[in-house]
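The structure appears right after this line, and notes come after that.
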Amino acid sequence: MDCRVLSIQSHVVRGYVGNKSATFPLQVLGFEVDSINSVQFSNHTGYEHWKGQVLTADELHVLYEGIRLNKLNHYDYMLTGYTRDVSFLEMVVDIVEELKGTNPSLVYVCDPVMGDNGAMYVPEALLPVYKEKVVPVADIITPNQFEAELLTGRKISTEKDAVEAMDLLHEMGPDTVVITSSDLLSSLGDQYLVALGSQITVKADGTKEKQRIRMDIPRVDAVFVGTGDLFAAMLLAWTHHHPNNLKAACEKTVSVMQHVIKRTITYAKEVAGPDCRPSPAQLELRMVQSKGDIEDPAITVEAVLL
Amino acid sequence: VIKPGGSMECRVLSIQSHVVRGYVGNKSASFPLQVMGFEVDSINSVQFSNHTGYAHWKGQVLTADELHVLYEGIKLNNVNHYDYVLTGYTRDTSFLEMVVDIVQELKRANPNLVYVCDPVLGDHGSMYVPQNLYPVYKDKVVPVADIITPNQFEAELLTGKNISTEKDAVEVMDLLHNMGPDTVVITSSDLPPRLGDRFLVSLGSQRIVMPDGTSTTQRIRIEVPKVDAVFVGTGDLFAAMLLAWTHHYPTDLKTACEKTFSVMHHVIQRTISYAHEMAGPGRRPSPAQLELRMVQSKADIEDPAIVMEATVL
């Protein structure tokens, strides 16, 4: 396939978040993954303890310089997620801009991680950087409802609001927007959450059209970490295979998530034992065990065209 | 151990380099092991842009203290339980000594832990790591290792004995067993191949201790096609795949080696073909073009066709 991704995300020694969550699935699908580890921690921060080291913006620049000096700074995709540092994020933007200079067709997939359930869990200073510098150079973004509201300054109470928010996000830069989860009511009941997507595609005659979709996704009764990172990576992969068909790309992506999550819950409950809440260690995604589903996901959720 | 759902449930702690681009160290070991169903926890001893065979390389190294801090995080969460530890190229004695401390603690937590160690010291008659690593390997690392993958030079260094004949090699492997590891593979040697000069000779020896305390030793010889290129990361892939195939064939070194060397062959062949194609006729491929075609070799990694036979000595 010869498609090369530069992924700048966290590394954890144990478990599946950041680059650990994104790399194996993309490699299994045949992508070459170059990975810059923004941090190296023992495990994700949902465990009782965590220890490790962070990469500074300067150190990030130095690593990129090595790639550049060898004239290897040619990528088809760039992928980023959870970041806590303004200067680091700004260096990421510099890198994206330079890579788009060497390959104007580069697709930047950005998960604008800022918070959830009404609260920010990164420093507030990151919002203006995402709004003014990052999202404008992104091609695909995967905000949750809170992040979509933060970026657009608009509250989402109805599907119509969500569509307007996605249109605003398109105007800020990305041609593909997926609101990965929302509080919108699902027609299938409260055991489901609603995700939405919107994609601008250019037809053969040069005119633009928008495909908008909605997905009703079964809720899971557990807190997972790393699922957003897996989602962004798999959306990268499936939009690569279905570049003008967001419906198909999202059905594949969400279905992979479902298989991995289901396998993980089953395992976690089994090792935790009856009536015991699984621990963060037990809830780590069953990534290597899900290889078959990652390679060829059976479709378990259908997207509805709006 | 096969858990419910048929999964393998085998966890490896791999402490090796990370390169942003390319396949050496943890980049070379992780994907193949994961593809085979192993859980791989990885501590990156360095993060470099690429391996040091390129015209340029840049990055940062992990200190022994920082390694300790990472391990502490794992320990505090009570998840310091591993079935395997895997290590390779290291340049720093205090880092290597910290690795030994970690192995010893992990062996206390799991006495069945298998430590797979590539004792990277040098090749073709000269050391390419600092000389002061040599006593650390000899006195501290190899004694706690279970499987080691030295080349001929490293085997000679560790035992102080020269290898000129197959008999010498067998004696050296016995000396290495006495130092600690029950499984030794001399990954390459200058011994004359029977199949001709387009091949090189590798040897292996596995000491199996019976329930009654007696031991038997299976020794094998395998002749491997030489390749007309300098690869980086192949030793790291070899050690990772030997870990995997000795896991599946714990008392059959012949089969474990046939699978391991066969995987190497498939990956290297695919890489050479690609590199020559990219470089063009009559041109030497660059280090970038010679990066192992790892993701493209997934099927061969999962289920390698056996392309060479090991002889039991």
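Residues in the structure tokens are numbered from 1 in each chain, the chains being A, B, ... in the order shown, and ligands are numbered from 1 in the order shown.
Residue-level contacts from chain B to chain A at 7 Å, counting only C-alpha atoms, read Ser7, Val20, Arg21, Phe31, Gln34, Val35, Gly37, Glu39, Asp41, Ser42, Ile43, Phe48, Ser49, Ala55, His56, Trp57, Lys58, Gly59, Val69, Leu70, Tyr71, Gly73, Ile74, Leu76, Asn77, Val295 and Gln296 of chain B.
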Discussion item. DSSP on the backbone, strand (DSSP E or B) only: what residues of region 77-249 of chain B does that give? Format it as a PyMOL selection string.
Written reply: chain B and resi 84-87+114-117+122-123+126-127+147-148+183-189+199-209+215-225
Export of prior selection with C-alpha atoms as a PDB file, in the first residue's frame:
ATOM      1  CA  TYR B  84       9.378 -12.581  29.144  1.00  0.00           C
ATOM      2  CA  VAL B  85      11.916  -9.785  29.202  1.00  0.00           C
ATOM      3  CA  LEU B  86      13.639  -8.854  25.937  1.00  0.00           C
ATOM      4  CA  THR B  87      16.669  -6.595  25.594  1.00  0.00           C
ATOM      5  CA  VAL B 114      12.304 -16.102  30.525  1.00  0.00           C
ATOM      6  CA  TYR B 115      14.888 -13.384  29.834  1.00  0.00           C
ATOM      7  CA  VAL B 116      15.811 -13.222  26.139  1.00  0.00           C
ATOM      8  CA  CYS B 117      19.026 -11.231  25.787  1.00  0.00           C
ATOM      9  CA  GLY B 122      30.290  -5.957  18.326  1.00  0.00           C
ATOM     10  CA  ASP B 123      30.952  -7.913  15.172  1.00  0.00           C
ATOM     11  CA  SER B 126      35.670  -5.391  16.955  1.00  0.00           C
ATOM     12  CA  MET B 127      33.470  -3.948  19.676  1.00  0.00           C
ATOM     13  CA  ILE B 147      18.121 -17.296  25.989  1.00  0.00           C
ATOM     14  CA  ILE B 148      21.016 -15.437  24.375  1.00  0.00           C
ATOM     15  CA  THR B 183      19.354 -21.661  25.215  1.00  0.00           C
ATOM     16  CA  VAL B 184      22.153 -20.225  23.101  1.00  0.00           C
ATOM     17  CA  VAL B 185      22.003 -19.351  19.410  1.00  0.00           C
ATOM     18  CA  ILE B 186      25.161 -18.196  17.679  1.00  0.00           C
ATOM     19  CA  THR B 187      23.355 -16.178  15.043  1.00  0.00           C
ATOM     20  CA  SER B 188      26.190 -16.021  12.517  1.00  0.00           C
ATOM     21  CA  SER B 189      29.722 -17.332  12.218  1.00  0.00           C
ATOM     22  CA  PHE B 199      25.644 -19.311   2.948  1.00  0.00           C
ATOM     23  CA  LEU B 200      26.650 -18.672   6.517  1.00  0.00           C
ATOM     24  CA  VAL B 201      26.582 -21.066   9.456  1.00  0.00           C
ATOM     25  CA  SER B 202      24.503 -20.527  12.583  1.00  0.00           C
ATOM     26  CA  LEU B 203      24.452 -22.858  15.537  1.00  0.00           C
ATOM     27  CA  GLY B 204      22.230 -23.418  18.507  1.00  0.00           C
ATOM     28  CA  SER B 205      22.285 -25.316  21.755  1.00  0.00           C
ATOM     29  CA  GLN B 206      19.536 -25.952  24.248  1.00  0.00           C
ATOM     30  CA  ARG B 207      20.032 -27.573  27.604  1.00  0.00           C
ATOM     31  CA  ILE B 208      16.908 -29.203  28.970  1.00  0.00           C
ATOM     32  CA  VAL B 209      16.827 -30.219  32.609  1.00  0.00           C
ATOM     33  CA  SER B 215      20.097 -32.778  31.579  1.00  0.00           C
ATOM     34  CA  THR B 216      20.211 -33.337  27.851  1.00  0.00           C
ATOM     35  CA  THR B 217      21.512 -30.907  25.269  1.00  0.00           C
ATOM     36  CA  GLN B 218      20.068 -30.509  21.775  1.00  0.00           C
ATOM     37  CA  ARG B 219      22.540 -28.916  19.401  1.00  0.00           C
ATOM     38  CA  ILE B 220      21.667 -27.764  15.917  1.00  0.00           C
ATOM     39  CA  ARG B 221      23.402 -26.303  12.906  1.00  0.00           C
ATOM     40  CA  ILE B 222      21.593 -24.276  10.279  1.00  0.00           C
ATOM     41  CA  GLU B 223      22.986 -22.800   7.067  1.00  0.00           C
ATOM     42  CA  VAL B 224      21.405 -19.512   6.084  1.00  0.00           C
ATOM     43  CA  PRO B 225      21.655 -17.745   2.678  1.00  0.00           C
TER      44      PRO B 225
END
Please list as a PDB file with N, CA and C atoms, in the first residue's frame every residue within 12 Å of Pro111 (chain B), counting only C-alpha atoms and excluding residues in the same chain fewer than 2 positions away.
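Dumped to selection-v7.pdb:
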ATOM      1  N   HIS B  81       4.339  -8.064  36.376  1.00  0.00           N
ATOM      2  CA  HIS B  81       4.315  -9.501  36.170  1.00  0.00           C
ATOM      3  C   HIS B  81       4.468  -9.768  34.686  1.00  0.00           C
ATOM      4  N   TYR B  82       5.571 -10.366  34.346  1.00  0.00           N
ATOM      5  CA  TYR B  82       5.864 -10.624  32.940  1.00  0.00           C
ATOM      6  C   TYR B  82       6.255 -12.080  32.735  1.00  0.00           C
ATOM      7  N   ASP B  83       5.984 -12.571  31.534  1.00  0.00           N
ATOM      8  CA  ASP B  83       6.420 -13.903  31.154  1.00  0.00           C
ATOM      9  C   ASP B  83       7.794 -13.868  30.498  1.00  0.00           C
ATOM     10  N   TYR B  84       8.101 -12.754  29.840  1.00  0.00           N
ATOM     11  CA  TYR B  84       9.378 -12.581  29.144  1.00  0.00           C
ATOM     12  C   TYR B  84       9.912 -11.171  29.357  1.00  0.00           C
ATOM     13  N   VAL B 103      15.294  -7.244  35.859  1.00  0.00           N
ATOM     14  CA  VAL B 103      15.114  -8.669  35.551  1.00  0.00           C
ATOM     15  C   VAL B 103      15.061  -9.486  36.831  1.00  0.00           C
ATOM     16  N   GLN B 104      15.983  -9.182  37.744  1.00  0.00           N
ATOM     17  CA  GLN B 104      16.020  -9.956  38.991  1.00  0.00           C
ATOM     18  C   GLN B 104      14.730  -9.782  39.787  1.00  0.00           C
ATOM     19  N   GLU B 105      14.217  -8.568  39.848  1.00  0.00           N
ATOM     20  CA  GLU B 105      12.972  -8.340  40.583  1.00  0.00           C
ATOM     21  C   GLU B 105      11.799  -9.034  39.885  1.00  0.00           C
ATOM     22  N   LEU B 106      11.778  -8.967  38.552  1.00  0.00           N
ATOM     23  CA  LEU B 106      10.688  -9.614  37.818  1.00  0.00           C
ATOM     24  C   LEU B 106      10.749 -11.125  37.963  1.00  0.00           C
ATOM     25  N   LYS B 107      11.966 -11.674  38.093  1.00  0.00           N
ATOM     26  CA  LYS B 107      12.091 -13.115  38.292  1.00  0.00           C
ATOM     27  C   LYS B 107      11.616 -13.510  39.686  1.00  0.00           C
ATOM     28  N   ARG B 108      11.774 -12.604  40.650  1.00  0.00           N
ATOM     29  CA  ARG B 108      11.213 -12.900  41.975  1.00  0.00           C
ATOM     30  C   ARG B 108       9.687 -12.891  41.891  1.00  0.00           C
ATOM     31  N   ALA B 109       9.134 -11.943  41.141  1.00  0.00           N
ATOM     32  CA  ALA B 109       7.672 -11.879  40.994  1.00  0.00           C
ATOM     33  C   ALA B 109       7.146 -13.051  40.172  1.00  0.00           C
ATOM     34  N   LEU B 113       9.807 -16.574  34.605  1.00  0.00           N
ATOM     35  CA  LEU B 113      10.104 -15.583  33.576  1.00  0.00           C
ATOM     36  C   LEU B 113      11.303 -16.006  32.744  1.00  0.00           C
ATOM     37  N   VAL B 114      11.203 -15.787  31.444  1.00  0.00           N
ATOM     38  CA  VAL B 114      12.304 -16.102  30.525  1.00  0.00           C
ATOM     39  C   VAL B 114      12.910 -14.797  30.028  1.00  0.00           C
ATOM     40  N   TYR B 115      14.202 -14.611  30.270  1.00  0.00           N
ATOM     41  CA  TYR B 115      14.888 -13.384  29.834  1.00  0.00           C
ATOM     42  C   TYR B 115      15.642 -13.693  28.541  1.00  0.00           C
ATOM     43  N   VAL B 144      21.908 -14.052  34.318  1.00  0.00           N
ATOM     44  CA  VAL B 144      20.458 -14.064  34.576  1.00  0.00           C
ATOM     45  C   VAL B 144      19.634 -14.257  33.296  1.00  0.00           C
ATOM     46  N   ASP B 146      18.172 -16.344  30.016  1.00  0.00           N
ATOM     47  CA  ASP B 146      17.715 -17.703  29.734  1.00  0.00           C
ATOM     48  C   ASP B 146      17.955 -18.087  28.284  1.00  0.00           C
TER      49      ASP B 146
END
Worksheet, complete the sentence: Across B:Gln60, B:Asn80, B:Ser286, B:Thr165, the smallest distance to Tyr274 (chain B), with only C-alpha atoms counted, is shown by B:Ser286
Worksheet item: When DSSP works through the backbone of this structure, what residues of region 225-300 of chain A end up as alpha helix (DSSP H), shown as an MDAnalysis selection string?
Response: chainID A and resid 227:241 246:272 291:295
Neighbour list for His259 (chain A) as an mmCIF file with all heavy atoms, in the first residue's frame, cut-off 12 Å, only C-alpha atoms, skip fewer than 2 positions in-chain:
data_model
loop_
_atom_site.group_PDB
_atom_site.id
_atom_site.type_symbol
_atom_site.label_atom_id
_atom_site.label_comp_id
_atom_site.auth_asym_id
_atom_site.auth_seq_id
_atom_site.Cartn_x
_atom_site.Cartn_y
_atom_site.Cartn_z
ATOM 1 N N PRO A 218 -24.535 1.666 20.434
ATOM 2 C CA PRO A 218 -24.846 1.143 21.771
ATOM 3 C C PRO A 218 -23.874 1.684 22.809
ATOM 4 O O PRO A 218 -22.656 1.691 22.591
ATOM 5 C CB PRO A 218 -24.677 -0.373 21.615
ATOM 6 C CG PRO A 218 -24.754 -0.638 20.156
ATOM 7 C CD PRO A 218 -24.268 0.593 19.463
ATOM 8 N N VAL A 220 -21.761 1.716 26.317
ATOM 9 C CA VAL A 220 -21.111 0.668 27.116
ATOM 10 C C VAL A 220 -21.026 1.121 28.560
ATOM 11 O O VAL A 220 -20.781 2.297 28.836
ATOM 12 C CB VAL A 220 -19.703 0.336 26.589
ATOM 13 C CG1 VAL A 220 -19.797 -0.560 25.380
ATOM 14 C CG2 VAL A 220 -18.907 1.574 26.280
ATOM 15 N N THR A 227 -9.807 4.699 23.619
ATOM 16 C CA THR A 227 -10.754 4.421 22.545
ATOM 17 C C THR A 227 -10.795 5.564 21.540
ATOM 18 O O THR A 227 -10.915 5.344 20.336
ATOM 19 C CB THR A 227 -12.165 4.172 23.113
ATOM 20 O OG1 THR A 227 -12.407 5.115 24.156
ATOM 21 C CG2 THR A 227 -12.282 2.763 23.680
ATOM 22 N N LYS A 252 -17.338 1.273 9.177
ATOM 23 C CA LYS A 252 -16.193 0.405 9.451
ATOM 24 C C LYS A 252 -15.537 0.814 10.771
ATOM 25 O O LYS A 252 -15.228 -0.025 11.629
ATOM 26 C CB LYS A 252 -15.158 0.503 8.317
ATOM 27 C CG LYS A 252 -15.613 -0.054 6.978
ATOM 28 C CD LYS A 252 -14.926 -1.379 6.689
ATOM 29 C CE LYS A 252 -15.603 -2.122 5.550
ATOM 30 N NZ LYS A 252 -14.959 -1.948 4.241
ATOM 31 N N THR A 253 -15.298 2.119 10.920
ATOM 32 C CA THR A 253 -14.591 2.608 12.101
ATOM 33 C C THR A 253 -15.353 2.283 13.375
ATOM 34 O O THR A 253 -14.796 1.725 14.332
ATOM 35 C CB THR A 253 -14.377 4.128 11.998
ATOM 36 O OG1 THR A 253 -13.694 4.432 10.780
ATOM 37 C CG2 THR A 253 -13.581 4.654 13.177
ATOM 38 N N VAL A 254 -16.635 2.615 13.403
ATOM 39 C CA VAL A 254 -17.426 2.378 14.608
ATOM 40 C C VAL A 254 -17.559 0.878 14.864
ATOM 41 O O VAL A 254 -17.530 0.430 16.019
ATOM 42 C CB VAL A 254 -18.795 3.068 14.501
ATOM 43 C CG1 VAL A 254 -19.695 2.673 15.657
ATOM 44 C CG2 VAL A 254 -18.624 4.578 14.483
ATOM 45 N N SER A 255 -17.651 0.089 13.807
ATOM 46 C CA SER A 255 -17.753 -1.368 13.995
ATOM 47 C C SER A 255 -16.492 -1.938 14.616
ATOM 48 O O SER A 255 -16.558 -2.772 15.526
ATOM 49 C CB SER A 255 -18.047 -2.052 12.658
ATOM 50 O OG SER A 255 -19.312 -1.661 12.170
ATOM 51 N N VAL A 256 -15.317 -1.476 14.158
ATOM 52 C CA VAL A 256 -14.064 -1.928 14.777
ATOM 53 C C VAL A 256 -14.080 -1.603 16.260
ATOM 54 O O VAL A 256 -13.773 -2.451 17.106
ATOM 55 C CB VAL A 256 -12.835 -1.245 14.139
ATOM 56 C CG1 VAL A 256 -11.579 -1.527 14.935
ATOM 57 C CG2 VAL A 256 -12.662 -1.707 12.724
ATOM 58 N N MET A 257 -14.462 -0.372 16.577
ATOM 59 C CA MET A 257 -14.515 0.043 17.980
ATOM 60 C C MET A 257 -15.391 -0.907 18.783
ATOM 61 O O MET A 257 -15.025 -1.340 19.884
ATOM 62 C CB MET A 257 -15.113 1.456 18.085
ATOM 63 C CG MET A 257 -14.372 2.544 17.349
ATOM 64 S SD MET A 257 -12.689 2.723 17.912
ATOM 65 C CE MET A 257 -12.968 3.074 19.627
ATOM 66 N N ILE A 261 -14.148 -3.110 21.886
ATOM 67 C CA ILE A 261 -14.731 -2.802 23.202
ATOM 68 C C ILE A 261 -15.439 -4.013 23.788
ATOM 69 O O ILE A 261 -15.307 -4.335 24.967
ATOM 70 C CB ILE A 261 -15.663 -1.578 23.085
ATOM 71 C CG1 ILE A 261 -14.828 -0.302 22.974
ATOM 72 C CG2 ILE A 261 -16.614 -1.489 24.274
ATOM 73 C CD1 ILE A 261 -15.630 0.950 22.621
ATOM 74 N N LYS A 262 -16.188 -4.702 22.946
ATOM 75 C CA LYS A 262 -16.934 -5.868 23.422
ATOM 76 C C LYS A 262 -15.984 -6.935 23.950
ATOM 77 O O LYS A 262 -16.175 -7.497 25.036
ATOM 78 C CB LYS A 262 -17.747 -6.431 22.258
ATOM 79 C CG LYS A 262 -18.953 -7.180 22.697
ATOM 80 C CD LYS A 262 -19.958 -7.327 21.543
ATOM 81 C CE LYS A 262 -20.850 -8.537 21.867
ATOM 82 N NZ LYS A 262 -21.583 -9.060 20.754
ATOM 83 N N ARG A 263 -14.920 -7.191 23.169
ATOM 84 C CA ARG A 263 -13.948 -8.186 23.592
ATOM 85 C C ARG A 263 -13.303 -7.760 24.901
ATOM 86 O O ARG A 263 -13.050 -8.581 25.797
ATOM 87 C CB ARG A 263 -12.877 -8.355 22.500
ATOM 88 C CG ARG A 263 -11.806 -9.375 22.847
ATOM 89 C CD ARG A 263 -10.895 -9.638 21.645
ATOM 90 N NE ARG A 263 -11.550 -10.450 20.631
ATOM 91 C CZ ARG A 263 -12.023 -9.990 19.492
ATOM 92 N NH1 ARG A 263 -11.912 -8.690 19.189
ATOM 93 N NH2 ARG A 263 -12.598 -10.807 18.638
ATOM 94 N N THR A 264 -13.048 -6.470 25.043
ATOM 95 C CA THR A 264 -12.405 -5.951 26.235
ATOM 96 C C THR A 264 -13.301 -6.080 27.459
ATOM 97 O O THR A 264 -12.846 -6.514 28.525
ATOM 98 C CB THR A 264 -12.003 -4.474 26.032
ATOM 99 O OG1 THR A 264 -11.188 -4.369 24.861
ATOM 100 C CG2 THR A 264 -11.263 -3.935 27.235
ATOM 101 N N ILE A 265 -14.569 -5.722 27.311
ATOM 102 C CA ILE A 265 -15.500 -5.821 28.440
ATOM 103 C C ILE A 265 -15.628 -7.263 28.900
ATOM 104 O O ILE A 265 -15.605 -7.552 30.104
ATOM 105 C CB ILE A 265 -16.897 -5.296 28.062
ATOM 106 C CG1 ILE A 265 -16.884 -3.793 27.885
ATOM 107 C CG2 ILE A 265 -17.918 -5.682 29.122
ATOM 108 C CD1 ILE A 265 -18.254 -3.224 27.614
ATOM 109 N N THR A 266 -15.789 -8.178 27.939
ATOM 110 C CA THR A 266 -15.933 -9.596 28.279
ATOM 111 C C THR A 266 -14.733 -10.076 29.074
ATOM 112 O O THR A 266 -14.862 -10.707 30.124
ATOM 113 C CB THR A 266 -16.066 -10.425 26.991
ATOM 114 O OG1 THR A 266 -17.168 -9.934 26.236
ATOM 115 C CG2 THR A 266 -16.260 -11.898 27.314
ATOM 116 N N LEU A 285 -7.605 -2.051 26.471
ATOM 117 C CA LEU A 285 -8.173 -2.593 25.236
ATOM 118 C C LEU A 285 -7.481 -3.903 24.834
ATOM 119 O O LEU A 285 -6.255 -4.012 24.926
ATOM 120 C CB LEU A 285 -8.049 -1.566 24.115
ATOM 121 C CG LEU A 285 -8.809 -0.256 24.327
ATOM 122 C CD1 LEU A 285 -8.533 0.720 23.184
ATOM 123 C CD2 LEU A 285 -10.306 -0.504 24.464
ATOM 124 N N ARG A 286 -8.276 -4.847 24.393
ATOM 125 C CA ARG A 286 -7.752 -6.143 23.952
ATOM 126 C C ARG A 286 -7.328 -6.007 22.485
ATOM 127 O O ARG A 286 -7.939 -6.568 21.567
ATOM 128 C CB ARG A 286 -8.828 -7.226 24.119
ATOM 129 C CG ARG A 286 -9.199 -7.453 25.567
ATOM 130 C CD ARG A 286 -8.090 -8.060 26.378
ATOM 131 N NE ARG A 286 -8.052 -9.515 26.272
ATOM 132 C CZ ARG A 286 -7.029 -10.257 26.730
ATOM 133 N NH1 ARG A 286 -5.985 -9.677 27.309
ATOM 134 N NH2 ARG A 286 -7.060 -11.565 26.590
ATOM 135 N N MET A 287 -6.263 -5.239 22.322
ATOM 136 C CA MET A 287 -5.859 -4.835 20.988
ATOM 137 C C MET A 287 -5.293 -5.967 20.148
ATOM 138 O O MET A 287 -5.742 -6.216 19.025
ATOM 139 C CB MET A 287 -4.822 -3.706 21.099
ATOM 140 C CG MET A 287 -4.622 -2.987 19.811
ATOM 141 S SD MET A 287 -6.029 -1.945 19.381
ATOM 142 C CE MET A 287 -5.667 -0.483 20.382
ATOM 143 N N GLN A 289 -5.526 -9.053 20.547
ATOM 144 C CA GLN A 289 -6.509 -10.133 20.403
ATOM 145 C C GLN A 289 -7.562 -9.781 19.344
ATOM 146 O O GLN A 289 -8.316 -10.649 18.901
ATOM 147 C CB GLN A 289 -7.193 -10.420 21.743
ATOM 148 C CG GLN A 289 -6.241 -10.912 22.836
ATOM 149 C CD GLN A 289 -5.432 -9.779 23.475
ATOM 150 O OE1 GLN A 289 -5.661 -8.607 23.186
ATOM 151 N NE2 GLN A 289 -4.497 -10.136 24.334
ATOM 152 N N SER A 290 -7.656 -8.499 19.005
ATOM 153 C CA SER A 290 -8.684 -8.039 18.061
ATOM 154 C C SER A 290 -8.147 -7.891 16.646
ATOM 155 O O SER A 290 -8.796 -7.270 15.794
ATOM 156 C CB SER A 290 -9.259 -6.696 18.526
ATOM 157 O OG SER A 290 -9.883 -6.819 19.788
ATOM 158 N N LYS A 291 -6.992 -8.453 16.381
ATOM 159 C CA LYS A 291 -6.358 -8.251 15.078
ATOM 160 C C LYS A 291 -7.302 -8.581 13.916
ATOM 161 O O LYS A 291 -7.398 -7.822 12.953
ATOM 162 C CB LYS A 291 -5.083 -9.107 14.981
ATOM 163 C CG LYS A 291 -4.312 -8.915 13.690
ATOM 164 C CD LYS A 291 -3.065 -9.799 13.650
ATOM 165 C CE LYS A 291 -3.435 -11.265 13.610
ATOM 166 N NZ LYS A 291 -2.252 -12.153 13.462
ATOM 167 N N GLY A 292 -7.991 -9.713 14.004
ATOM 168 C CA GLY A 292 -8.883 -10.128 12.923
ATOM 169 C C GLY A 292 -9.984 -9.098 12.671
ATOM 170 O O GLY A 292 -10.309 -8.783 11.515
ATOM 171 N N ASP A 293 -10.548 -8.550 13.737
ATOM 172 C CA ASP A 293 -11.594 -7.536 13.590
ATOM 173 C C ASP A 293 -11.039 -6.243 13.034
ATOM 174 O O ASP A 293 -11.717 -5.529 12.298
ATOM 175 C CB ASP A 293 -12.250 -7.240 14.940
ATOM 176 C CG ASP A 293 -13.032 -8.426 15.466
ATOM 177 O OD1 ASP A 293 -13.718 -9.080 14.656
ATOM 178 O OD2 ASP A 293 -12.957 -8.703 16.675
ATOM 179 N N ILE A 294 -9.809 -5.920 13.397
ATOM 180 C CA ILE A 294 -9.192 -4.697 12.892
ATOM 181 C C ILE A 294 -8.951 -4.811 11.391
ATOM 182 O O ILE A 294 -9.200 -3.890 10.629
ATOM 183 C CB ILE A 294 -7.868 -4.413 13.640
ATOM 184 C CG1 ILE A 294 -8.162 -4.036 15.104
ATOM 185 C CG2 ILE A 294 -7.071 -3.313 12.951
ATOM 186 C CD1 ILE A 294 -6.945 -4.078 16.008
ATOM 187 N N GLU A 295 -8.477 -5.981 10.975
ATOM 188 C CA GLU A 295 -8.163 -6.192 9.555
ATOM 189 C C GLU A 295 -9.416 -6.147 8.685
ATOM 190 O O GLU A 295 -9.410 -5.597 7.590
ATOM 191 C CB GLU A 295 -7.488 -7.558 9.362
ATOM 192 C CG GLU A 295 -6.055 -7.606 9.840
ATOM 193 C CD GLU A 295 -5.516 -9.024 9.951
ATOM 194 O OE1 GLU A 295 -6.327 -9.960 10.061
ATOM 195 O OE2 GLU A 295 -4.286 -9.183 9.939
ATOM 196 N N ASP A 296 -10.487 -6.721 9.202
ATOM 197 C CA ASP A 296 -11.675 -6.888 8.371
ATOM 198 C C ASP A 296 -12.920 -6.839 9.247
ATOM 199 O O ASP A 296 -13.489 -7.867 9.574
ATOM 200 C CB ASP A 296 -11.581 -8.228 7.635
ATOM 201 C CG ASP A 296 -12.672 -8.370 6.593
ATOM 202 O OD1 ASP A 296 -13.262 -7.333 6.191
ATOM 203 O OD2 ASP A 296 -12.951 -9.506 6.171
ATOM 204 N N PRO A 297 -13.324 -5.619 9.647
ATOM 205 C CA PRO A 297 -14.419 -5.512 10.614
ATOM 206 C C PRO A 297 -15.777 -5.870 10.006
ATOM 207 O O PRO A 297 -16.159 -5.322 8.968
ATOM 208 C CB PRO A 297 -14.379 -4.033 11.025
ATOM 209 C CG PRO A 297 -13.708 -3.321 9.896
ATOM 210 C CD PRO A 297 -12.788 -4.299 9.251
ATOM 211 N N ALA A 298 -16.472 -6.790 10.668
ATOM 212 C CA ALA A 298 -17.862 -7.030 10.300
ATOM 213 C C ALA A 298 -18.648 -5.785 10.710
ATOM 214 O O ALA A 298 -18.446 -5.250 11.805
ATOM 215 C CB ALA A 298 -18.390 -8.255 11.030
ATOM 216 N N ILE A 299 -19.531 -5.330 9.824
ATOM 217 C CA ILE A 299 -20.271 -4.094 10.095
ATOM 218 C C ILE A 299 -21.380 -4.384 11.102
ATOM 219 O O ILE A 299 -22.243 -5.234 10.855
ATOM 220 C CB ILE A 299 -20.890 -3.519 8.806
ATOM 221 C CG1 ILE A 299 -19.808 -3.311 7.748
ATOM 222 C CG2 ILE A 299 -21.600 -2.195 9.094
ATOM 223 C CD1 ILE A 299 -18.704 -2.367 8.150
ATOM 224 N N THR A 300 -21.341 -3.700 12.231
ATOM 225 C CA THR A 300 -22.353 -3.926 13.264
ATOM 226 C C THR A 300 -23.225 -2.700 13.506
ATOM 227 O O THR A 300 -24.191 -2.770 14.262
ATOM 228 C CB THR A 300 -21.681 -4.301 14.598
ATOM 229 O OG1 THR A 300 -20.715 -3.297 14.916
ATOM 230 C CG2 THR A 300 -21.012 -5.646 14.500
ATOM 231 N N VAL A 301 -22.860 -1.572 12.930
ATOM 232 C CA VAL A 301 -23.659 -0.355 13.087
ATOM 233 C C VAL A 301 -23.848 0.270 11.709
ATOM 234 O O VAL A 301 -22.899 0.346 10.937
ATOM 235 C CB VAL A 301 -22.946 0.678 13.991
ATOM 236 C CG1 VAL A 301 -23.832 1.870 14.254
ATOM 237 C CG2 VAL A 301 -22.517 0.032 15.303
#
Item to complete: Measuring atom to atom with only C-alpha atoms, identify which of A:Leu193, A:Leu151, A:Val54, A:Leu188 is nearest to Val129 (chain A).
Response: A:Leu151
